[in-house]
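See below for coords18.pdb, which holds PDB, C-alpha atoms.
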```pdb
ATOM      1  CA  MET K   1     -14.895  32.922  20.215
ATOM      2  CA  LYS K   2     -12.231  31.421  17.988
ATOM      3  CA  ALA K   3     -10.092  30.067  20.871
ATOM      4  CA  SER K   4     -13.026  28.441  22.667
ATOM      5  CA  PHE K   5     -14.341  26.992  19.374
ATOM      6  CA  ILE K   6     -11.000  25.351  18.549
ATOM      7  CA  SER K   7     -10.315  24.167  22.106
ATOM      8  CA  ALA K   8     -13.800  22.633  22.300
ATOM      9  CA  LEU K   9     -13.157  20.734  19.058
ATOM     10  CA  TYR K  10      -9.658  19.703  20.044
ATOM     11  CA  ALA K  11     -10.837  18.329  23.402
ATOM     12  CA  LYS K  12     -12.590  15.513  21.519
ATOM     13  CA  TYR K  13      -9.300  14.165  20.091
ATOM     14  CA  ASP K  14      -6.216  12.693  21.669
ATOM     15  CA  GLY K  15      -2.825  13.667  20.291
ATOM     16  CA  PHE K  16      -1.969  14.824  16.822
ATOM     17  CA  GLN K  17      -4.827  12.919  15.154
ATOM     18  CA  GLY K  18      -7.142  15.750  16.147
ATOM     19  CA  TYR K  19      -5.345  18.179  13.826
ATOM     20  CA  LEU K  20      -6.818  16.785  10.618
ATOM     21  CA  PRO K  21     -10.502  17.020  11.640
ATOM     22  CA  LEU K  22      -9.770  20.452  13.114
ATOM     23  CA  SER K  23      -8.325  21.601   9.811
ATOM     24  CA  PHE K  24     -11.455  20.397   8.015
ATOM     25  CA  VAL K  25     -13.762  22.225  10.436
ATOM     26  CA  CYS K  26     -11.647  25.401  10.284
ATOM     27  CA  HIS K  27     -11.662  25.237   6.488
ATOM     28  CA  GLN K  28     -15.434  24.820   6.329
ATOM     29  CA  TRP K  29     -16.075  27.538   8.898
ATOM     30  CA  GLY K  30     -13.565  29.906   7.307
ATOM     31  CA  THR K  31     -15.128  29.409   3.871
ATOM     32  CA  HIS K  32     -18.598  29.963   5.332
ATOM     33  CA  GLN K  33     -17.512  33.155   7.142
ATOM     34  CA  TYR K  34     -15.714  34.465   4.049
ATOM     35  CA  HIS K  35     -18.781  33.937   1.820
ATOM     36  CA  ASN K  36     -21.034  35.610   4.413
ATOM     37  CA  GLY K  37     -18.999  38.789   4.293
ATOM     38  CA  LYS K  38     -16.783  38.220   7.329
ATOM     39  CA  LYS K  39     -13.676  38.028   5.161
ATOM     40  CA  THR K  40     -11.092  38.747   7.890
ATOM     41  CA  GLU K  41     -12.473  36.104  10.244
ATOM     42  CA  GLY K  42     -12.846  33.692   7.316
ATOM     43  CA  ARG K  43      -9.191  34.162   6.322
ATOM     44  CA  LYS K  44      -8.045  33.572   9.916
ATOM     45  CA  PHE K  45      -9.892  30.241  10.027
ATOM     46  CA  LEU K  46      -8.548  29.245   6.596
ATOM     47  CA  ILE K  47      -5.004  29.982   7.785
ATOM     48  CA  ASP K  48      -5.695  27.910  10.903
ATOM     49  CA  ALA K  49      -6.920  25.099   8.646
ATOM     50  CA  LEU K  50      -3.576  25.138   6.825
ATOM     51  CA  LYS K  51      -1.692  25.288  10.124
ATOM     52  CA  PHE K  52      -3.523  22.202  11.437
ATOM     53  CA  VAL K  53      -2.972  20.273   8.189
ATOM     54  CA  TYR K  54       0.752  21.029   8.328
ATOM     55  CA  MET K  55       0.949  20.103  12.010
ATOM     56  CA  TRP K  56      -0.796  16.798  11.303
ATOM     57  CA  SER K  57       1.419  16.138   8.289
ATOM     58  CA  GLY K  58       4.569  16.884  10.285
ATOM     59  CA  ALA K  59       3.509  14.585  13.116
ATOM     60  CA  VAL K  60       2.794  11.757  10.669
ATOM     61  CA  GLU K  61       6.182  12.304   9.041
ATOM     62  CA  VAL K  62       7.930  12.168  12.419
ATOM     63  CA  LEU K  63       6.212   8.862  13.177
ATOM     64  CA  ASP K  64       7.282   7.512   9.782
ATOM     65  CA  ILE K  65      10.863   8.587  10.471
ATOM     66  CA  LYS K  66      10.753   6.910  13.902
ATOM     67  CA  ASP K  67       9.423   3.696  12.352
ATOM     68  CA  TYR K  68      12.112   3.818   9.671
ATOM     69  CA  ALA K  69      14.847   4.391  12.270
ATOM     70  CA  GLU K  70      13.558   1.444  14.311
ATOM     71  CA  GLU K  71      13.519  -0.726  11.179
ATOM     72  CA  ILE K  72      17.129   0.241  10.392
ATOM     73  CA  LYS K  73      18.161  -0.532  13.972
ATOM     74  CA  GLN K  74      16.489  -3.956  13.792
ATOM     75  CA  ASN K  75      18.152  -4.652  10.426
ATOM     76  CA  LYS K  76      21.559  -3.869  11.951
ATOM     77  CA  ILE K  77      20.878  -6.213  14.857
ATOM     78  CA  ASN K  78      19.804  -8.972  12.463
ATOM     79  CA  ALA K  79      22.830  -8.408  10.218
ATOM     80  CA  ALA K  80      25.195  -8.598  13.201
ATOM     81  CA  SER K  81      23.553 -11.812  14.336
ATOM     82  CA  GLU K  82      23.848 -13.328  10.869
ATOM     83  CA  GLY K  83      27.487 -12.254  10.697
ATOM     84  CA  GLY K  84      28.205 -13.946  14.016
ATOM     85  CA  LYS K  85      26.544 -17.153  12.847
ATOM     86  CA  HIS K  86      28.552 -17.033   9.629
ATOM     87  CA  ARG K  87      31.827 -16.558  11.540
ATOM     88  CA  ALA K  88      30.924 -19.439  13.851
ATOM     89  CA  LYS K  89      30.340 -21.707  10.833
ATOM     90  CA  LYS K  90      33.996 -21.211   9.850
ATOM     91  CA  TYR K  91      34.947 -23.261  12.892
ATOM     92  CA  ASP K  92      32.658 -26.221  12.140
ATOM     93  CA  PRO K  93      35.417 -28.311  10.489
ATOM     94  CA  ILE K  94      37.713 -27.654  13.466
ATOM     95  CA  LYS K  95      34.949 -28.596  15.902
ATOM     96  CA  ILE K  96      34.404 -31.851  14.028
ATOM     97  CA  ARG K  97      38.151 -32.558  14.220
ATOM     98  CA  VAL K  98      38.219 -31.755  17.962
ATOM     99  CA  VAL K  99      35.326 -34.157  18.582
ATOM    100  CA  GLU K 100      37.084 -36.906  16.592
ATOM    101  CA  LEU K 101      40.388 -36.381  18.407
ATOM    102  CA  LEU K 102      38.784 -36.275  21.861
ATOM    103  CA  LYS K 103      37.021 -39.564  21.238
ATOM    104  CA  LYS K 104      40.088 -41.151  19.614
ATOM    105  CA  ARG K 105      42.631 -40.051  22.239
ATOM    106  CA  ALA K 106      40.529 -40.574  25.359
ATOM    107  CA  PRO K 107      42.434 -42.844  27.781
ATOM    108  CA  GLU K 108      40.758 -45.785  29.456
ATOM    109  CA  GLY K 109      38.543 -44.268  32.148
ATOM    110  CA  GLY K 110      38.797 -40.800  30.577
ATOM    111  CA  TRP K 111      40.850 -37.764  31.489
ATOM    112  CA  LYS K 112      40.778 -36.395  34.993
ATOM    113  CA  THR K 113      40.229 -32.780  33.882
ATOM    114  CA  LYS K 114      39.129 -30.784  30.886
ATOM    115  CA  ALA K 115      42.521 -29.090  30.854
ATOM    116  CA  ALA K 116      44.239 -32.461  30.431
ATOM    117  CA  ALA K 117      41.869 -33.400  27.614
ATOM    118  CA  ILE K 118      42.499 -30.106  25.849
ATOM    119  CA  GLU K 119      46.257 -30.379  26.343
ATOM    120  CA  ALA K 120      46.186 -33.815  24.686
ATOM    121  CA  LEU K 121      45.110 -32.066  21.472
ATOM    122  CA  SER K 122      48.027 -29.611  21.429
ATOM    123  CA  SER K 123      50.216 -31.589  19.027
ATOM    124  CA  ASP K 124      47.475 -31.490  16.384
ATOM    125  CA  PHE K 125      47.205 -27.701  16.481
ATOM    126  CA  GLU K 126      50.839 -26.676  17.125
ATOM    127  CA  ASP K 127      50.973 -23.632  14.848
ATOM    128  CA  SER K 128      48.102 -21.840  16.553
ATOM    129  CA  TRP K 129      47.800 -23.729  19.811
ATOM    130  CA  ASP K 130      47.498 -20.735  22.171
ATOM    131  CA  LYS K 131      44.415 -19.447  20.373
ATOM    132  CA  MET K 132      42.980 -22.928  19.897
ATOM    133  CA  HIS K 133      43.403 -23.810  23.574
ATOM    134  CA  ARG K 134      41.245 -20.846  24.593
ATOM    135  CA  THR K 135      38.750 -21.512  21.780
ATOM    136  CA  ILE K 136      38.328 -25.170  22.748
ATOM    137  CA  GLU K 137      37.905 -24.149  26.389
ATOM    138  CA  ASP K 138      35.118 -21.765  25.359
ATOM    139  CA  TRP K 139      33.469 -24.425  23.219
ATOM    140  CA  SER K 140      33.583 -26.882  26.125
ATOM    141  CA  ARG K 141      31.313 -24.482  28.021
ATOM    142  CA  ASN K 142      29.176 -22.959  25.276
ATOM    143  CA  ASP K 143      28.850 -25.416  22.379
ATOM    144  CA  GLU K 144      26.422 -28.237  23.179
ATOM    145  CA  GLU K 145      28.095 -30.851  20.965
ATOM    146  CA  ILE K 146      31.607 -30.186  22.284
ATOM    147  CA  LYS K 147      30.282 -29.924  25.845
ATOM    148  CA  SER K 148      28.601 -33.337  25.579
ATOM    149  CA  VAL K 149      31.776 -34.973  24.233
ATOM    150  CA  PHE K 150      33.798 -33.531  27.115
ATOM    151  CA  ALA K 151      31.182 -34.883  29.516
ATOM    152  CA  VAL K 152      31.816 -38.355  28.093
ATOM    153  CA  VAL K 153      35.621 -38.271  27.826
ATOM    154  CA  VAL K 154      36.433 -36.401  31.070
ATOM    155  CA  GLN K 155      35.745 -38.430  34.196
ATOM    156  CA  LYS K 156      35.982 -36.144  37.227
ATOM    157  CA  LYS K 157      36.380 -38.211  40.380
TER     158      LYS K 157
END
```
Starting from the file, give its structure as structure tokens.
Amino acid sequence: MKASFISALYAKYDGFQGYLPLSFVCHQWGTHQYHNGKKTEGRKFLIDALKFVYMWSGAVEVLDIKDYAEEIKQNKINAASEGGKHRAKKYDPIKIRVVELLKKRAPEGGWKTKAAAIEALSSDFEDSWDKMHRTIEDWSRNDEEIKSVFAVVVQKK
């Protein structure tokens, strides 16, 4: 009888949320059986009540841990994004200088290629030109402000 009683109750619930009501019913039924002289059956239902409470509690704890892990993962993603933005801000003064130099040094009719425009800046960044050349090339594709200046000063024909 016990197995069919519990399975009939459990069929009404989906997932672990059914454990808590089951524990309540088992507790009530176990207490009733115990007080009516069926002590062994009563104890079995009371033990089942505890088992269902612990199963429910464990499932809730697992969900909390999953939520916490997801929150930590999202915090790491946000922190990495903020770090990248902060690193990019370091280059703002250099970007401003590149824009000024491109506008100032642009020949009449503009440069024929981006490479020529970038090379014209080499004397201003001699000490670290190899790195700057690549960085300016990247900016000319990815940074909207730098890209728009190159569009103005480079006249591809």
(message) Using all atoms listed in the file, which protein or nucleic acid residues come within 10 Å of segment 104-116 of chain K? Drop anything in the same chain fewer than 6 positions from it, and give the result as a list of chain:residue names.
(response) K:Val98, K:His133, K:Ile136, K:Glu137, K:Ser140, K:Phe150, K:Ala151, K:Val152, K:Val153, K:Val154, K:Gln155, K:Lys156, K:Lys157
The PyMOL selection byres ((chain K and resi 52) around 9) resolved against shown file, as a CSV table (one decimal) with C-alpha atoms, in the frame of the given file:
```
chain,number,residue,atom,x,y,z
K,18,GLY,CA,-7.1,15.8,16.1
K,19,TYR,CA,-5.3,18.2,13.8
K,20,LEU,CA,-6.8,16.8,10.6
K,21,PRO,CA,-10.5,17.0,11.6
K,22,LEU,CA,-9.8,20.5,13.1
K,23,SER,CA,-8.3,21.6,9.8
K,24,PHE,CA,-11.5,20.4,8.0
K,26,CYS,CA,-11.6,25.4,10.3
K,47,ILE,CA,-5.0,30.0,7.8
K,48,ASP,CA,-5.7,27.9,10.9
K,49,ALA,CA,-6.9,25.1,8.6
K,50,LEU,CA,-3.6,25.1,6.8
K,51,LYS,CA,-1.7,25.3,10.1
K,53,VAL,CA,-3.0,20.3,8.2
K,54,TYR,CA,0.8,21.0,8.3
K,55,MET,CA,0.9,20.1,12.0
K,56,TRP,CA,-0.8,16.8,11.3
K,57,SER,CA,1.4,16.1,8.3
```
Step by step, work through what the PyMOL selection byres ((chain K and resi 31) around 12) selects in the shown file, and finish by giving those residues as a tab-separated table (two decimals) with C-alpha atoms, in the frame of the given file.
```
chain	number	residue	atom	x	y	z
K	23	SER	CA	-8.32	21.60	9.81
K	24	PHE	CA	-11.46	20.40	8.02
K	25	VAL	CA	-13.76	22.22	10.44
K	26	CYS	CA	-11.65	25.40	10.28
K	27	HIS	CA	-11.66	25.24	6.49
K	28	GLN	CA	-15.43	24.82	6.33
K	29	TRP	CA	-16.08	27.54	8.90
K	30	GLY	CA	-13.56	29.91	7.31
K	32	HIS	CA	-18.60	29.96	5.33
K	33	GLN	CA	-17.51	33.16	7.14
K	34	TYR	CA	-15.71	34.47	4.05
K	35	HIS	CA	-18.78	33.94	1.82
K	36	ASN	CA	-21.03	35.61	4.41
K	37	GLY	CA	-19.00	38.79	4.29
K	38	LYS	CA	-16.78	38.22	7.33
K	39	LYS	CA	-13.68	38.03	5.16
K	40	THR	CA	-11.09	38.75	7.89
K	41	GLU	CA	-12.47	36.10	10.24
K	42	GLY	CA	-12.85	33.69	7.32
K	43	ARG	CA	-9.19	34.16	6.32
K	44	LYS	CA	-8.04	33.57	9.92
K	45	PHE	CA	-9.89	30.24	10.03
K	46	LEU	CA	-8.55	29.24	6.60
K	47	ILE	CA	-5.00	29.98	7.78
K	48	ASP	CA	-5.70	27.91	10.90
K	49	ALA	CA	-6.92	25.10	8.65
```
(message) For a test of reading the model, state the distance in Å between atom CA of Glu82 of chain K and atom CA of Asp143 of chain K, rounded to one decimal.
(response)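 Between these atoms lies a distance of 17.4 Å.
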Is there a way to complete segment 125-156 of chain K with N, CA and C atoms and then write that out as a short mmCIF file (atom, residue, chain, number, x, y, z; two decimals), in the frame of the given file?
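As written to disk, out-v4.cif reads:
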```
data_model
loop_
_atom_site.label_atom_id
_atom_site.label_comp_id
_atom_site.auth_asym_id
_atom_site.auth_seq_id
_atom_site.Cartn_x
_atom_site.Cartn_y
_atom_site.Cartn_z
N PHE K 125 47.45 -29.11 16.82
CA PHE K 125 47.20 -27.70 16.48
C PHE K 125 48.41 -26.85 16.87
N GLU K 126 49.62 -27.34 16.65
CA GLU K 126 50.84 -26.68 17.12
C GLU K 126 50.99 -25.23 16.66
N ASP K 127 50.71 -24.97 15.39
CA ASP K 127 50.97 -23.63 14.85
C ASP K 127 50.13 -22.54 15.49
N SER K 128 48.97 -22.87 15.95
CA SER K 128 48.10 -21.84 16.55
C SER K 128 47.52 -22.34 17.87
N TRP K 129 48.32 -23.06 18.62
CA TRP K 129 47.80 -23.73 19.81
C TRP K 129 47.28 -22.77 20.88
N ASP K 130 47.95 -21.65 21.12
CA ASP K 130 47.50 -20.74 22.17
C ASP K 130 46.07 -20.27 21.94
N LYS K 131 45.78 -19.89 20.70
CA LYS K 131 44.42 -19.45 20.37
C LYS K 131 43.44 -20.62 20.44
N MET K 132 43.87 -21.76 19.93
CA MET K 132 42.98 -22.93 19.90
C MET K 132 42.66 -23.41 21.30
N HIS K 133 43.63 -23.36 22.20
CA HIS K 133 43.40 -23.81 23.57
C HIS K 133 42.25 -23.02 24.18
N ARG K 134 42.30 -21.71 24.05
CA ARG K 134 41.24 -20.85 24.59
C ARG K 134 39.91 -21.11 23.88
N THR K 135 39.97 -21.27 22.56
CA THR K 135 38.75 -21.51 21.78
C THR K 135 38.09 -22.82 22.20
N ILE K 136 38.89 -23.87 22.35
CA ILE K 136 38.33 -25.17 22.75
C ILE K 136 37.76 -25.08 24.16
N GLU K 137 38.43 -24.36 25.04
CA GLU K 137 37.90 -24.15 26.39
C GLU K 137 36.53 -23.48 26.35
N ASP K 138 36.41 -22.46 25.52
CA ASP K 138 35.12 -21.76 25.36
C ASP K 138 34.06 -22.71 24.81
N TRP K 139 34.42 -23.47 23.80
CA TRP K 139 33.47 -24.42 23.22
C TRP K 139 33.01 -25.45 24.26
N SER K 140 33.94 -25.86 25.13
CA SER K 140 33.58 -26.88 26.12
C SER K 140 32.52 -26.37 27.10
N ARG K 141 32.36 -25.06 27.17
CA ARG K 141 31.31 -24.48 28.02
C ARG K 141 30.07 -24.09 27.23
N ASN K 142 30.27 -23.62 25.99
CA ASN K 142 29.18 -22.96 25.28
C ASN K 142 28.59 -23.75 24.11
N ASP K 143 29.33 -24.66 23.53
CA ASP K 143 28.85 -25.42 22.38
C ASP K 143 28.33 -26.76 22.88
N GLU K 144 27.06 -27.04 22.62
CA GLU K 144 26.42 -28.24 23.18
C GLU K 144 27.09 -29.53 22.73
N GLU K 145 27.47 -29.62 21.47
CA GLU K 145 28.10 -30.85 20.96
C GLU K 145 29.45 -31.09 21.64
N ILE K 146 30.28 -30.06 21.66
CA ILE K 146 31.61 -30.19 22.28
C ILE K 146 31.46 -30.45 23.79
N LYS K 147 30.52 -29.76 24.41
CA LYS K 147 30.28 -29.92 25.84
C LYS K 147 29.91 -31.37 26.17
N SER K 148 29.04 -31.96 25.33
CA SER K 148 28.60 -33.34 25.58
C SER K 148 29.75 -34.33 25.39
N VAL K 149 30.63 -34.08 24.43
CA VAL K 149 31.78 -34.97 24.23
C VAL K 149 32.71 -34.88 25.44
N PHE K 150 32.96 -33.68 25.93
CA PHE K 150 33.80 -33.53 27.12
C PHE K 150 33.16 -34.25 28.31
N ALA K 151 31.86 -34.21 28.41
CA ALA K 151 31.18 -34.88 29.52
C ALA K 151 31.43 -36.39 29.46
N VAL K 152 31.57 -36.92 28.25
CA VAL K 152 31.82 -38.35 28.09
C VAL K 152 33.28 -38.70 28.34
N VAL K 153 34.20 -37.90 27.78
CA VAL K 153 35.62 -38.27 27.83
C VAL K 153 36.36 -37.78 29.07
N VAL K 154 35.79 -36.87 29.83
CA VAL K 154 36.43 -36.40 31.07
C VAL K 154 35.66 -36.99 32.24
N GLN K 155 36.37 -37.77 33.05
CA GLN K 155 35.74 -38.43 34.20
C GLN K 155 36.26 -37.79 35.48
N LYS K 156 35.57 -36.79 35.97
CA LYS K 156 35.98 -36.14 37.23
C LYS K 156 35.64 -37.09 38.38
#
```
